[in-house]
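The data block below is my_file24.json; it holds JSON, C-alpha atoms.
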```
[["chain", "number", "residue", "atom", "x", "y", "z"],
["A", 1, "MET", "CA", 56.34, -22.44, -20.97],
["A", 2, "THR", "CA", 58.42, -24.75, -18.83],
["A", 3, "GLU", "CA", 60.85, -26.66, -21.02],
["A", 4, "PHE", "CA", 61.10, -30.46, -20.99],
["A", 5, "ILE", "CA", 64.57, -31.68, -21.94],
["A", 6, "PHE", "CA", 64.33, -35.30, -23.09],
["A", 7, "MET", "CA", 67.55, -37.03, -22.12],
["A", 8, "LEU", "CA", 68.49, -40.10, -24.14],
["A", 9, "THR", "CA", 70.02, -41.56, -21.00],
["A", 10, "SER", "CA", 69.46, -44.17, -18.33],
["A", 11, "ALA", "CA", 71.42, -44.44, -15.06],
["A", 12, "ASP", "CA", 73.47, -41.40, -16.14],
["A", 13, "GLU", "CA", 74.65, -42.99, -19.39],
["A", 14, "THR", "CA", 73.51, -42.51, -22.98],
["A", 15, "VAL", "CA", 71.39, -45.49, -24.03],
["A", 16, "ALA", "CA", 72.95, -47.83, -26.57],
["A", 17, "ASP", "CA", 70.15, -47.34, -29.12],
["A", 18, "ALA", "CA", 69.96, -43.56, -28.74],
["A", 19, "LEU", "CA", 69.76, -42.93, -32.49],
["A", 20, "ALA", "CA", 66.87, -45.36, -32.92],
["A", 21, "VAL", "CA", 65.05, -43.93, -29.91],
["A", 22, "TYR", "CA", 65.45, -40.39, -31.20],
["A", 23, "ASP", "CA", 64.07, -41.41, -34.59],
["A", 24, "ARG", "CA", 60.94, -42.70, -32.84],
["A", 25, "VAL", "CA", 60.28, -39.43, -30.99],
["A", 26, "ARG", "CA", 61.05, -37.04, -33.84],
["A", 27, "ALA", "CA", 57.35, -36.39, -34.48],
["A", 28, "THR", "CA", 56.72, -35.15, -30.92],
["A", 29, "GLN", "CA", 56.81, -31.50, -29.85],
["A", 30, "VAL", "CA", 59.85, -31.87, -27.58],
["A", 31, "ARG", "CA", 62.22, -28.96, -28.25],
["A", 32, "TYR", "CA", 65.35, -29.92, -26.29],
["A", 33, "VAL", "CA", 67.08, -33.30, -26.56],
["A", 34, "GLY", "CA", 70.14, -34.29, -24.59],
["A", 35, "PHE", "CA", 72.62, -37.03, -23.84],
["A", 36, "LYS", "CA", 75.81, -37.71, -21.89],
["A", 37, "ASP", "CA", 79.23, -38.50, -23.30],
["A", 38, "ILE", "CA", 79.22, -41.82, -21.45],
["A", 39, "GLY", "CA", 77.67, -44.95, -22.96],
["A", 40, "ALA", "CA", 77.93, -44.13, -26.67],
["A", 41, "SER", "CA", 80.79, -43.62, -29.10],
["A", 42, "LEU", "CA", 81.82, -40.16, -30.22],
["A", 43, "ALA", "CA", 80.73, -41.05, -33.76],
["A", 44, "THR", "CA", 77.25, -41.93, -32.49],
["A", 45, "LEU", "CA", 77.02, -38.71, -30.49],
["A", 46, "ARG", "CA", 78.06, -36.70, -33.53],
["A", 47, "ARG", "CA", 75.38, -38.30, -35.70],
["A", 48, "LEU", "CA", 72.86, -37.79, -32.92],
["A", 49, "ALA", "CA", 73.72, -34.09, -32.44],
["A", 50, "ASP", "CA", 73.55, -33.49, -36.19],
["A", 51, "ARG", "CA", 70.15, -35.16, -36.44],
["A", 52, "ILE", "CA", 68.71, -33.22, -33.49],
["A", 53, "ARG", "CA", 70.01, -29.94, -34.90],
["A", 54, "GLU", "CA", 68.71, -30.70, -38.41],
["A", 55, "ASP", "CA", 65.24, -31.11, -36.89],
["A", 56, "GLY", "CA", 65.42, -27.58, -35.48],
["A", 57, "ARG", "CA", 65.83, -28.72, -31.88],
["A", 58, "SER", "CA", 68.42, -27.67, -29.30],
["A", 59, "VAL", "CA", 71.20, -30.11, -28.41],
["A", 60, "VAL", "CA", 72.06, -30.61, -24.73],
["A", 61, "LEU", "CA", 75.05, -32.38, -23.16],
["A", 62, "GLU", "CA", 75.02, -33.05, -19.42],
["A", 63, "VAL", "CA", 78.42, -33.65, -17.83],
["A", 64, "VAL", "CA", 78.59, -36.14, -14.95],
["A", 65, "SER", "CA", 82.36, -36.72, -14.80],
["A", 66, "GLU", "CA", 83.82, -37.35, -11.34],
["A", 67, "THR", "CA", 87.28, -35.81, -11.87],
["A", 68, "ALA", "CA", 88.34, -32.41, -13.16],
["A", 69, "ASP", "CA", 90.29, -33.94, -16.06],
["A", 70, "ASP", "CA", 87.31, -36.03, -17.15],
["A", 71, "GLU", "CA", 85.03, -33.03, -16.84],
["A", 72, "LEU", "CA", 87.23, -30.96, -19.14],
["A", 73, "ARG", "CA", 87.35, -33.85, -21.60],
["A", 74, "SER", "CA", 83.54, -33.95, -21.57],
["A", 75, "ILE", "CA", 83.32, -30.19, -22.04],
["A", 76, "ASP", "CA", 85.66, -30.39, -25.03],
["A", 77, "ILE", "CA", 83.51, -33.15, -26.53],
["A", 78, "GLY", "CA", 80.43, -30.97, -26.14],
["A", 79, "LEU", "CA", 82.15, -28.00, -27.75],
["A", 80, "GLY", "CA", 83.34, -30.23, -30.59],
["A", 81, "LEU", "CA", 79.78, -31.43, -31.15],
["A", 82, "GLY", "CA", 78.48, -27.86, -31.17],
["A", 83, "VAL", "CA", 75.89, -28.41, -28.48],
["A", 84, "ASP", "CA", 73.61, -25.55, -27.48],
["A", 85, "LEU", "CA", 73.52, -26.20, -23.72],
["A", 86, "LEU", "CA", 76.32, -27.61, -21.57],
["A", 87, "MET", "CA", 74.86, -28.76, -18.27],
["A", 88, "GLY", "CA", 76.47, -30.23, -15.17],
["A", 89, "GLY", "CA", 80.03, -30.39, -14.00],
["A", 90, "THR", "CA", 81.50, -28.88, -10.85],
["A", 91, "HIS", "CA", 84.58, -26.97, -11.99],
["A", 92, "PRO", "CA", 83.40, -23.73, -13.61],
["A", 93, "GLU", "CA", 86.70, -22.04, -12.84],
["A", 94, "LEU", "CA", 88.36, -24.52, -15.24],
["A", 95, "VAL", "CA", 85.55, -24.66, -17.79],
["A", 96, "LEU", "CA", 84.85, -20.96, -18.32],
["A", 97, "PRO", "CA", 88.20, -20.15, -20.01],
["A", 98, "ARG", "CA", 87.28, -22.73, -22.68],
["A", 99, "LEU", "CA", 83.92, -21.11, -23.50],
["A", 100, "PRO", "CA", 84.52, -17.55, -24.79],
["A", 101, "ARG", "CA", 83.05, -17.04, -28.26],
["A", 102, "SER", "CA", 81.75, -20.63, -28.35],
["A", 103, "GLY", "CA", 78.11, -19.52, -28.24],
["A", 104, "VAL", "CA", 77.24, -22.39, -25.88],
["A", 105, "ARG", "CA", 75.12, -21.77, -22.77],
["A", 106, "TYR", "CA", 76.64, -23.18, -19.58],
["A", 107, "LEU", "CA", 74.65, -24.43, -16.57],
["A", 108, "PRO", "CA", 76.89, -26.20, -14.02],
["A", 109, "PHE", "CA", 75.65, -28.17, -11.03],
["A", 110, "CYS", "CA", 74.81, -26.16, -7.94],
["A", 111, "GLY", "CA", 75.32, -27.53, -4.45],
["A", 112, "ALA", "CA", 77.65, -30.33, -3.41],
["A", 113, "THR", "CA", 77.41, -33.25, -5.85],
["A", 114, "SER", "CA", 79.13, -36.62, -5.77],
["A", 115, "GLY", "CA", 79.05, -40.16, -7.10],
["A", 116, "HIS", "CA", 77.67, -41.81, -10.22],
["A", 117, "PRO", "CA", 74.73, -41.63, -10.56],
["A", 118, "THR", "CA", 75.26, -38.19, -9.07],
["A", 119, "VAL", "CA", 73.60, -37.18, -5.80],
["A", 120, "LEU", "CA", 73.14, -33.76, -4.17],
["A", 121, "SER", "CA", 73.91, -32.75, -0.58],
["A", 122, "GLY", "CA", 73.75, -29.58, 1.51],
["A", 123, "THR", "CA", 70.99, -27.54, 3.12],
["A", 124, "PRO", "CA", 68.51, -25.59, 0.97],
["A", 125, "ASP", "CA", 70.20, -22.33, 1.97],
["A", 126, "GLN", "CA", 73.66, -23.66, 1.12],
["A", 127, "ILE", "CA", 72.53, -24.91, -2.27],
["A", 128, "GLY", "CA", 70.61, -21.71, -2.97],
["A", 129, "ASP", "CA", 73.56, -19.51, -2.03],
["A", 130, "HIS", "CA", 75.83, -21.55, -4.27],
["A", 131, "ALA", "CA", 73.39, -21.12, -7.16],
["A", 132, "GLY", "CA", 73.34, -17.37, -6.57],
["A", 133, "ASN", "CA", 77.12, -17.14, -6.54],
["A", 134, "LEU", "CA", 77.48, -19.30, -9.65],
["A", 135, "THR", "CA", 74.98, -17.31, -11.69],
["A", 136, "ALA", "CA", 76.59, -14.05, -10.65],
["A", 137, "THR", "CA", 79.72, -15.27, -12.46],
["A", 138, "ARG", "CA", 80.23, -14.04, -16.01],
["A", 139, "GLY", "CA", 79.77, -16.91, -18.45],
["A", 140, "VAL", "CA", 77.49, -18.97, -16.20],
["A", 141, "HIS", "CA", 74.01, -18.71, -17.70],
["A", 142, "GLY", "CA", 72.08, -20.80, -15.15],
["A", 143, "VAL", "CA", 72.29, -23.88, -12.96],
["A", 144, "ASP", "CA", 71.66, -27.62, -13.16],
["A", 145, "LEU", "CA", 69.86, -28.66, -9.97],
["A", 146, "LEU", "CA", 69.70, -32.34, -8.93],
["A", 147, "ALA", "CA", 66.79, -31.62, -6.62],
["A", 148, "TYR", "CA", 65.30, -35.12, -6.56],
["A", 149, "ARG", "CA", 68.73, -36.61, -5.89],
["A", 150, "HIS", "CA", 68.62, -34.83, -2.51],
["A", 151, "ALA", "CA", 67.57, -36.73, 0.62],
["A", 152, "GLY", "CA", 65.93, -33.75, 2.33],
["A", 153, "ASP", "CA", 63.09, -31.32, 1.63],
["A", 154, "VAL", "CA", 63.11, -31.19, -2.17],
["A", 155, "PRO", "CA", 60.54, -28.38, -2.66],
["A", 156, "ALA", "CA", 62.54, -26.24, -0.21],
["A", 157, "VAL", "CA", 65.72, -26.90, -2.20],
["A", 158, "ILE", "CA", 64.06, -25.94, -5.48],
["A", 159, "ASP", "CA", 62.52, -22.81, -3.95],
["A", 160, "ALA", "CA", 65.85, -21.68, -2.49],
["A", 161, "VAL", "CA", 67.63, -22.10, -5.82],
["A", 162, "VAL", "CA", 64.90, -20.43, -7.88],
["A", 163, "ARG", "CA", 64.79, -17.44, -5.52],
["A", 164, "ARG", "CA", 68.56, -16.92, -5.44],
["A", 165, "SER", "CA", 69.55, -17.80, -9.00],
["A", 166, "HIS", "CA", 70.23, -15.00, -11.49],
["A", 167, "GLY", "CA", 69.62, -17.30, -14.45],
["A", 168, "PRO", "CA", 67.54, -20.26, -15.60],
["A", 169, "VAL", "CA", 67.19, -23.26, -13.28],
["A", 170, "VAL", "CA", 66.95, -26.74, -14.80],
["A", 171, "VAL", "CA", 65.82, -29.45, -12.38],
["A", 172, "ALA", "CA", 67.46, -32.70, -13.42],
["A", 173, "GLY", "CA", 67.41, -36.31, -12.30],
["A", 174, "SER", "CA", 64.83, -38.71, -10.83],
["A", 175, "ILE", "CA", 61.75, -36.92, -12.11],
["A", 176, "ASP", "CA", 59.67, -40.05, -12.52],
["A", 177, "ARG", "CA", 56.04, -39.14, -11.80],
["A", 178, "ASP", "CA", 53.50, -36.47, -12.57],
["A", 179, "ASP", "CA", 53.53, -34.72, -9.20],
["A", 180, "ARG", "CA", 57.27, -34.07, -9.49],
["A", 181, "ILE", "CA", 56.75, -32.42, -12.87],
["A", 182, "ALA", "CA", 53.99, -30.29, -11.36],
["A", 183, "THR", "CA", 56.22, -29.27, -8.45],
["A", 184, "VAL", "CA", 59.00, -28.18, -10.80],
["A", 185, "VAL", "CA", 56.64, -26.21, -13.02],
["A", 186, "ALA", "CA", 54.98, -24.46, -10.06],
["A", 187, "SER", "CA", 58.41, -23.47, -8.70],
["A", 188, "GLY", "CA", 59.16, -21.20, -11.67],
["A", 189, "SER", "CA", 62.11, -23.31, -12.81],
["A", 190, "TRP", "CA", 62.97, -22.77, -16.48],
["A", 191, "GLY", "CA", 62.95, -26.47, -17.27],
["A", 192, "PHE", "CA", 63.49, -30.07, -16.23],
["A", 193, "THR", "CA", 65.07, -33.21, -17.63],
["A", 194, "VAL", "CA", 63.68, -36.73, -17.85],
["A", 195, "GLY", "CA", 65.67, -39.72, -19.07],
["A", 196, "SER", "CA", 65.63, -42.97, -17.11],
["A", 197, "ALA", "CA", 61.92, -42.71, -16.27],
["A", 198, "ILE", "CA", 61.05, -42.68, -19.98],
["A", 199, "PHE", "CA", 63.03, -45.85, -20.58],
["A", 200, "SER", "CA", 61.63, -47.65, -17.52],
["A", 201, "GLY", "CA", 58.04, -46.79, -18.45],
["A", 202, "ALA", "CA", 57.49, -44.95, -15.17],
["A", 203, "PHE", "CA", 54.83, -42.56, -16.44],
["A", 204, "VAL", "CA", 52.65, -44.82, -18.58],
["A", 205, "PRO", "CA", 53.32, -48.49, -17.75],
["A", 206, "GLY", "CA", 53.60, -50.60, -20.88],
["A", 207, "ALA", "CA", 53.68, -47.60, -23.23],
["A", 208, "ASP", "CA", 56.44, -46.96, -25.76],
["A", 209, "TYR", "CA", 58.91, -44.06, -25.77],
["A", 210, "VAL", "CA", 56.68, -41.85, -27.88],
["A", 211, "GLU", "CA", 53.72, -42.19, -25.52],
["A", 212, "GLN", "CA", 55.96, -41.56, -22.51],
["A", 213, "VAL", "CA", 57.39, -38.37, -24.03],
["A", 214, "GLU", "CA", 53.96, -37.13, -25.09],
["A", 215, "HIS", "CA", 52.64, -37.81, -21.59],
["A", 216, "VAL", "CA", 55.40, -35.72, -20.00],
["A", 217, "LEU", "CA", 54.77, -32.88, -22.47],
["A", 218, "ARG", "CA", 51.05, -32.98, -21.68],
["A", 219, "VAL", "CA", 51.55, -33.02, -17.89],
["A", 220, "ALA", "CA", 53.99, -30.10, -18.11],
["A", 221, "ALA", "CA", 51.60, -28.10, -20.31],
["A", 222, "GLU", "CA", 48.71, -28.68, -17.91],
["A", 223, "ALA", "CA", 50.86, -27.70, -14.93],
["A", 224, "ASP", "CA", 51.95, -24.56, -16.80],
["A", 225, "GLU", "CA", 48.33, -23.59, -17.34],
["A", 226, "ARG", "CA", 47.55, -24.03, -13.65],
["A", 227, "ALA", "CA", 50.66, -22.13, -12.53],
["A", 228, "GLY", "CA", 49.93, -19.01, -14.56],
["A", 229, "PRO", "CA", 52.45, -16.13, -14.99],
["A", 230, "ARG", "CA", 55.82, -16.34, -13.30],
["A", 231, "SER", "CA", 57.71, -13.57, -11.54],
["A", 232, "GLY", "CA", 60.84, -15.33, -10.29],
["A", 233, "ARG", "CA", 64.24, -14.22, -11.52],
["A", 234, "SER", "CA", 64.91, -17.73, -12.85],
["A", 235, "TRP", "CA", 62.10, -17.47, -15.41],
["A", 236, "TYR", "CA", 63.38, -16.69, -18.91],
["A", 237, "ASP", "CA", 62.01, -17.07, -22.38],
["A", 238, "PRO", "CA", 63.76, -20.01, -24.15],
["A", 239, "ALA", "CA", 65.24, -17.54, -26.62],
["A", 240, "ASP", "CA", 67.20, -15.96, -23.78],
["A", 241, "ILE", "CA", 69.39, -19.01, -23.31]]
```
Please express the file's structure as C-alpha coordinates.
Amino acid sequence: MTEFIFMLTSADETVADALAVYDRVRATQVRYVGFKDIGASLATLRRLADRIREDGRSVVLEVVSETADDELRSIDIGLGLGVDLLMGGTHPELVLPRLPRSGVRYLPFCGATSGHPTVLSGTPDQIGDHAGNLTATRGVHGVDLLAYRHAGDVPAVIDAVVRRSHGPVVVAGSIDRDDRIATVVASGSWGFTVGSAIFSGAFVPGADYVEQVEHVLRVAAEADERAGPRSGRSWYDPADI
(Lines of atoms letter the chains of each structure in order from A and count residues from 1; the text may use other names and numbers.)
(Lines give C-alpha, C1' and ligand atoms only; values in the text may rest on other atoms or scores of the structure.)
Protein backbone atom coordinates (compact mmCIF):
# COMPACT_ATOMS: atom_id res chain seq x y z
CA MET A 1 0.00 0.00 0.00
CA THR A 2 1.35 3.39 -0.98
CA GLU A 3 1.29 5.69 2.03
CA PHE A 4 -0.39 9.10 1.97
CA ILE A 5 1.22 11.53 4.42
CA PHE A 6 -1.26 14.33 5.17
CA MET A 7 0.74 17.48 5.80
CA LEU A 8 -0.95 20.16 7.90
CA THR A 9 0.84 22.76 5.82
CA SER A 10 0.29 25.33 3.10
CA ALA A 11 3.04 27.12 1.16
CA ASP A 12 5.63 25.19 3.21
CA GLU A 13 4.32 26.43 6.57
CA THR A 14 2.15 24.75 9.19
CA VAL A 15 -1.38 26.16 8.98
CA ALA A 16 -2.46 28.37 11.86
CA ASP A 17 -5.43 26.15 12.78
CA ALA A 18 -3.55 22.86 12.50
CA LEU A 19 -5.01 21.46 15.73
CA ALA A 20 -8.58 22.17 14.62
CA VAL A 21 -7.93 20.73 11.17
CA TYR A 22 -6.44 17.57 12.62
CA ASP A 23 -9.45 17.13 14.90
CA ARG A 24 -11.69 17.21 11.82
CA VAL A 25 -9.78 14.45 10.00
CA ARG A 26 -9.24 12.14 12.97
CA ALA A 27 -11.99 9.77 11.79
CA THR A 28 -10.30 9.14 8.41
CA GLN A 29 -7.97 6.24 7.66
CA VAL A 30 -4.88 8.40 7.11
CA ARG A 31 -1.95 6.80 8.94
CA TYR A 32 0.79 9.45 8.68
CA VAL A 33 0.30 13.11 9.61
CA GLY A 34 2.97 15.76 9.31
CA PHE A 35 3.82 19.41 9.73
CA LYS A 36 6.72 21.84 9.52
CA ASP A 37 8.30 23.78 12.36
CA ILE A 38 7.45 27.04 10.60
CA GLY A 39 4.08 28.75 11.06
CA ALA A 40 3.08 27.39 14.48
CA SER A 41 4.43 27.73 18.00
CA LEU A 42 6.43 24.95 19.61
CA ALA A 43 3.64 24.51 22.16
CA THR A 44 1.13 23.96 19.34
CA LEU A 45 3.42 21.47 17.60
CA ARG A 46 3.88 19.57 20.85
CA ARG A 47 0.13 19.31 21.40
CA LEU A 48 -0.32 18.29 17.78
CA ALA A 49 2.37 15.58 17.91
CA ASP A 50 0.92 14.20 21.14
CA ARG A 51 -2.58 14.07 19.68
CA ILE A 52 -1.43 12.35 16.48
CA ARG A 53 0.56 9.79 18.46
CA GLU A 54 -2.31 9.13 20.89
CA ASP A 55 -4.47 8.24 17.88
CA GLY A 56 -1.98 5.55 16.87
CA ARG A 57 -0.67 7.47 13.86
CA SER A 58 2.91 8.25 12.88
CA VAL A 59 4.18 11.81 13.32
CA VAL A 60 6.18 13.40 10.49
CA LEU A 61 8.24 16.61 10.48
CA GLU A 62 9.50 17.95 7.16
CA VAL A 63 12.46 20.33 7.37
CA VAL A 64 12.60 23.17 4.82
CA SER A 65 15.22 25.40 6.47
CA GLU A 66 17.51 27.33 4.11
CA THR A 67 20.65 27.44 6.29
CA ALA A 68 22.57 24.70 8.07
CA ASP A 69 22.03 26.30 11.48
CA ASP A 70 18.27 26.55 10.93
CA GLU A 71 18.17 22.98 9.68
CA LEU A 72 19.86 21.70 12.84
CA ARG A 73 17.46 23.75 14.93
CA SER A 74 14.54 22.13 13.08
CA ILE A 75 16.03 18.66 13.54
CA ASP A 76 16.41 19.28 17.27
CA ILE A 77 12.77 20.39 17.45
CA GLY A 78 11.69 17.19 15.72
CA LEU A 79 13.76 15.06 18.08
CA GLY A 80 12.33 16.93 21.05
CA LEU A 81 8.81 16.26 19.78
CA GLY A 82 9.59 12.57 19.32
CA VAL A 83 8.53 12.44 15.70
CA ASP A 84 8.66 9.13 13.84
CA LEU A 85 9.90 10.43 10.48
CA LEU A 86 12.24 13.37 9.88
CA MET A 87 12.00 14.40 6.24
CA GLY A 88 13.83 17.04 4.23
CA GLY A 89 16.94 19.03 4.90
CA THR A 90 20.16 19.03 2.91
CA HIS A 91 22.93 18.52 5.46
CA PRO A 92 22.94 14.84 6.44
CA GLU A 93 26.60 15.02 7.41
CA LEU A 94 25.59 17.42 10.21
CA VAL A 95 22.29 15.75 11.10
CA LEU A 96 23.37 12.11 11.37
CA PRO A 97 25.56 12.57 14.48
CA ARG A 98 22.43 13.84 16.29
CA LEU A 99 20.35 10.76 15.46
CA PRO A 100 22.00 7.66 17.02
CA ARG A 101 19.65 5.84 19.38
CA SER A 102 16.85 8.35 18.70
CA GLY A 103 14.70 5.77 16.90
CA VAL A 104 13.65 8.36 14.30
CA ARG A 105 13.70 7.51 10.59
CA TYR A 106 15.53 10.07 8.46
CA LEU A 107 14.72 10.89 4.82
CA PRO A 108 16.64 13.96 3.58
CA PHE A 109 16.02 15.74 0.29
CA CYS A 110 17.72 14.25 -2.75
CA GLY A 111 18.94 16.39 -5.61
CA ALA A 112 19.76 20.10 -5.52
CA THR A 113 17.08 22.01 -3.61
CA SER A 114 16.74 25.73 -2.99
CA GLY A 115 14.36 28.49 -2.00
CA HIS A 116 11.15 28.66 0.01
CA PRO A 117 8.87 27.11 -1.09
CA THR A 118 11.62 24.67 -2.01
CA VAL A 119 12.29 23.72 -5.63
CA LEU A 120 14.34 20.88 -7.15
CA SER A 121 16.97 21.10 -9.89
CA GLY A 122 19.33 18.71 -11.68
CA THR A 123 18.95 16.02 -14.33
CA PRO A 124 17.11 12.77 -13.55
CA ASP A 125 20.43 10.90 -13.49
CA GLN A 126 22.01 13.44 -11.15
CA ILE A 127 19.07 13.31 -8.76
CA GLY A 128 18.91 9.52 -8.94
CA ASP A 129 22.63 9.14 -8.27
CA HIS A 130 22.36 11.47 -5.30
CA ALA A 131 19.48 9.40 -3.91
CA GLY A 132 21.56 6.24 -4.31
CA ASN A 133 24.53 7.76 -2.51
CA LEU A 134 22.39 9.14 0.30
CA THR A 135 20.60 5.87 0.97
CA ALA A 136 23.88 3.98 0.96
CA THR A 137 24.85 6.07 3.99
CA ARG A 138 24.31 4.50 7.40
CA GLY A 139 21.48 6.28 9.21
CA VAL A 140 19.72 7.51 6.07
CA HIS A 141 16.58 5.40 5.72
CA GLY A 142 15.19 6.87 2.49
CA VAL A 143 14.77 10.10 0.54
CA ASP A 144 12.36 13.02 0.27
CA LEU A 145 11.87 13.77 -3.43
CA LEU A 146 10.39 17.11 -4.56
CA ALA A 147 9.55 15.66 -7.95
CA TYR A 148 6.73 18.03 -8.86
CA ARG A 149 8.85 21.01 -7.86
CA HIS A 150 11.12 20.12 -10.81
CA ALA A 151 10.74 21.95 -14.13
CA GLY A 152 11.72 18.97 -16.29
CA ASP A 153 10.49 15.43 -16.95
CA VAL A 154 8.91 14.54 -13.60
CA PRO A 155 8.16 10.85 -14.29
CA ALA A 156 11.78 10.39 -15.40
CA VAL A 157 13.00 11.99 -12.16
CA ILE A 158 10.79 9.73 -10.04
CA ASP A 159 11.85 6.64 -11.99
CA ALA A 160 15.55 7.45 -11.64
CA VAL A 161 15.24 7.93 -7.88
CA VAL A 162 13.11 4.82 -7.31
CA ARG A 163 15.53 2.67 -9.32
CA ARG A 164 18.66 3.93 -7.57
CA SER A 165 17.44 4.40 -4.00
CA HIS A 166 18.26 1.76 -1.38
CA GLY A 167 15.38 2.88 0.83
CA PRO A 168 11.84 4.27 0.72
CA VAL A 169 11.10 7.19 -1.59
CA VAL A 170 8.54 9.79 -0.51
CA VAL A 171 7.40 12.13 -3.28
CA ALA A 172 6.58 15.49 -1.70
CA GLY A 173 5.24 18.83 -2.86
CA SER A 174 2.75 20.05 -5.47
CA ILE A 175 0.75 16.84 -5.76
CA ASP A 176 -2.54 18.54 -6.51
CA ARG A 177 -4.51 16.26 -8.84
CA ASP A 178 -5.44 12.64 -9.28
CA ASP A 179 -3.09 11.83 -12.15
CA ARG A 180 -0.08 12.89 -10.09
CA ILE A 181 -1.11 10.53 -7.30
CA ALA A 182 -1.49 7.75 -9.87
CA THR A 183 1.95 8.47 -11.31
CA VAL A 184 3.57 8.29 -7.88
CA VAL A 185 1.80 5.05 -6.98
CA ALA A 186 2.70 3.40 -10.31
CA SER A 187 6.36 4.37 -9.82
CA GLY A 188 6.77 2.12 -6.76
CA SER A 189 7.45 5.05 -4.44
CA TRP A 190 6.77 4.21 -0.79
CA GLY A 191 4.59 7.25 -0.25
CA PHE A 192 3.67 10.83 -1.04
CA THR A 193 2.70 13.98 0.82
CA VAL A 194 -0.18 16.36 0.21
CA GLY A 195 -0.69 19.60 2.11
CA SER A 196 -1.48 22.81 0.25
CA ALA A 197 -3.78 21.09 -2.25
CA ILE A 198 -6.03 19.90 0.59
CA PHE A 199 -6.37 23.42 1.93
CA SER A 200 -6.99 24.99 -1.48
CA GLY A 201 -9.67 22.43 -2.35
CA ALA A 202 -7.75 21.26 -5.42
CA PHE A 203 -9.12 17.72 -5.49
CA VAL A 204 -12.81 18.27 -4.74
CA PRO A 205 -13.76 21.92 -5.29
CA GLY A 206 -15.95 23.23 -2.50
CA ALA A 207 -15.43 20.18 -0.28
CA ASP A 208 -14.13 20.34 3.28
CA TYR A 209 -10.83 18.93 4.59
CA VAL A 210 -12.33 15.57 5.46
CA GLU A 211 -13.71 15.02 1.96
CA GLN A 212 -10.41 16.10 0.42
CA VAL A 213 -8.41 13.67 2.56
CA GLU A 214 -10.85 10.83 1.90
CA HIS A 215 -10.66 11.55 -1.84
CA VAL A 216 -6.85 11.31 -1.82
CA LEU A 217 -7.00 8.05 0.15
CA ARG A 218 -9.50 6.62 -2.32
CA VAL A 219 -7.51 7.66 -5.41
CA ALA A 220 -4.32 6.18 -3.94
CA ALA A 221 -6.08 2.91 -3.07
CA GLU A 222 -7.52 2.61 -6.59
CA ALA A 223 -4.12 3.34 -8.13
CA ASP A 224 -2.55 0.72 -5.85
CA GLU A 225 -5.03 -1.86 -7.07
CA ARG A 226 -4.24 -1.07 -10.70
CA ALA A 227 -0.48 -1.08 -10.12
CA GLY A 228 -0.36 -4.55 -8.57
CA PRO A 229 2.77 -5.99 -6.87
CA ARG A 230 5.95 -3.95 -6.74
CA SER A 231 9.50 -5.13 -7.28
CA GLY A 232 11.53 -1.93 -6.94
CA ARG A 233 14.11 -1.62 -4.19
CA SER A 234 12.31 1.45 -2.85
CA TRP A 235 9.20 -0.57 -1.93
CA TYR A 236 9.05 -1.39 1.78
CA ASP A 237 6.31 -2.40 4.15
CA PRO A 238 5.42 0.57 6.42
CA ALA A 239 6.69 -1.41 9.40
CA ASP A 240 10.17 -1.31 7.91
CA ILE A 241 10.52 2.42 8.42
Where does stretch 164-208 of chain A meet stretch 2-24 of chain A within 10 Å, residue by residue, with the nearest atom pair and distance in Å to one decimal for each, counting only C-alpha atoms, listed by chain and rising number, as a tab-separated table?
```
residue	atom	partner	partner_atom	distance
A:Val170	CA	A:Glu3	CA	8.7
A:Val171	CA	A:Phe4	CA	9.9
A:Ala172	CA	A:Ile5	CA	9.1
A:Gly173	CA	A:Asp12	CA	8.8
A:Ser174	CA	A:Ala11	CA	9.7
A:Ile181	CA	A:Phe4	CA	9.4
A:Val184	CA	A:Thr2	CA	8.8
A:Val185	CA	A:Thr2	CA	6.2
A:Ala186	CA	A:Thr2	CA	9.4
A:Gly188	CA	A:Thr2	CA	8.0
A:Ser189	CA	A:Thr2	CA	7.2
A:Trp190	CA	A:Thr2	CA	5.5
A:Gly191	CA	A:Glu3	CA	4.3
A:Phe192	CA	A:Phe4	CA	5.3
A:Thr193	CA	A:Ile5	CA	4.6
A:Val194	CA	A:Phe6	CA	5.5
A:Gly195	CA	A:Met7	CA	4.5
A:Ser196	CA	A:Ser10	CA	4.2
A:Ala197	CA	A:Ser10	CA	8.0
A:Ile198	CA	A:Phe6	CA	8.7
A:Phe199	CA	A:Ser10	CA	7.0
A:Ser200	CA	A:Ser10	CA	8.6
A:Asp208	CA	A:Arg24	CA	9.4
```
Pick from A:Ala136, A:Leu99, A:Val143, A:Leu85 nearest to A:Gly111, counting all atoms listed in the file:
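Going through A:Ala136, A:Leu99, A:Val143, A:Leu85 one by one, the smallest distance to A:Gly111 is for A:Val143.
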Best match for closeness to A:Phe203 among A:Ala182, A:Leu48, A:Ile175, A:Val169, counting only C-alpha atoms:
A:Ile175
Taking every listed atom of stretch 60-73 of chain A and adding 5 Å to each side, what centre and edge lengths in Å (one decimal) does the axis-aligned box have, as lines of an AutoDock Vina configuration file?
```
center_x = 81.2
center_y = -34.0
center_z = -18.0
size_x = 28.2
size_y = 16.7
size_z = 23.4
```
Taking only residues of stretch 103-165 of chain A that have an atom at most 12 Å from an atom of stretch 49-63 of chain A, what is each one's shortest atom pair and its distance in Å to one decimal, using all atoms listed in the file, in chain and number order, as a tab-separated table?
```
residue	atom	partner	partner_atom	distance
A:Val104	CA	A:Val60	CA	9.8
A:Arg105	CA	A:Val60	CA	9.6
A:Tyr106	CA	A:Leu61	CA	10.0
A:Leu107	CA	A:Glu62	CA	9.1
A:Pro108	CA	A:Val63	CA	8.5
A:Phe109	CA	A:Val63	CA	9.2
A:His116	CA	A:Val63	CA	11.2
A:Pro117	CA	A:Val63	CA	11.4
A:Thr118	CA	A:Val63	CA	10.4
A:Val143	CA	A:Glu62	CA	11.5
A:Asp144	CA	A:Glu62	CA	8.9
A:Leu145	CA	A:Glu62	CA	11.6
A:Leu146	CA	A:Glu62	CA	11.8
```
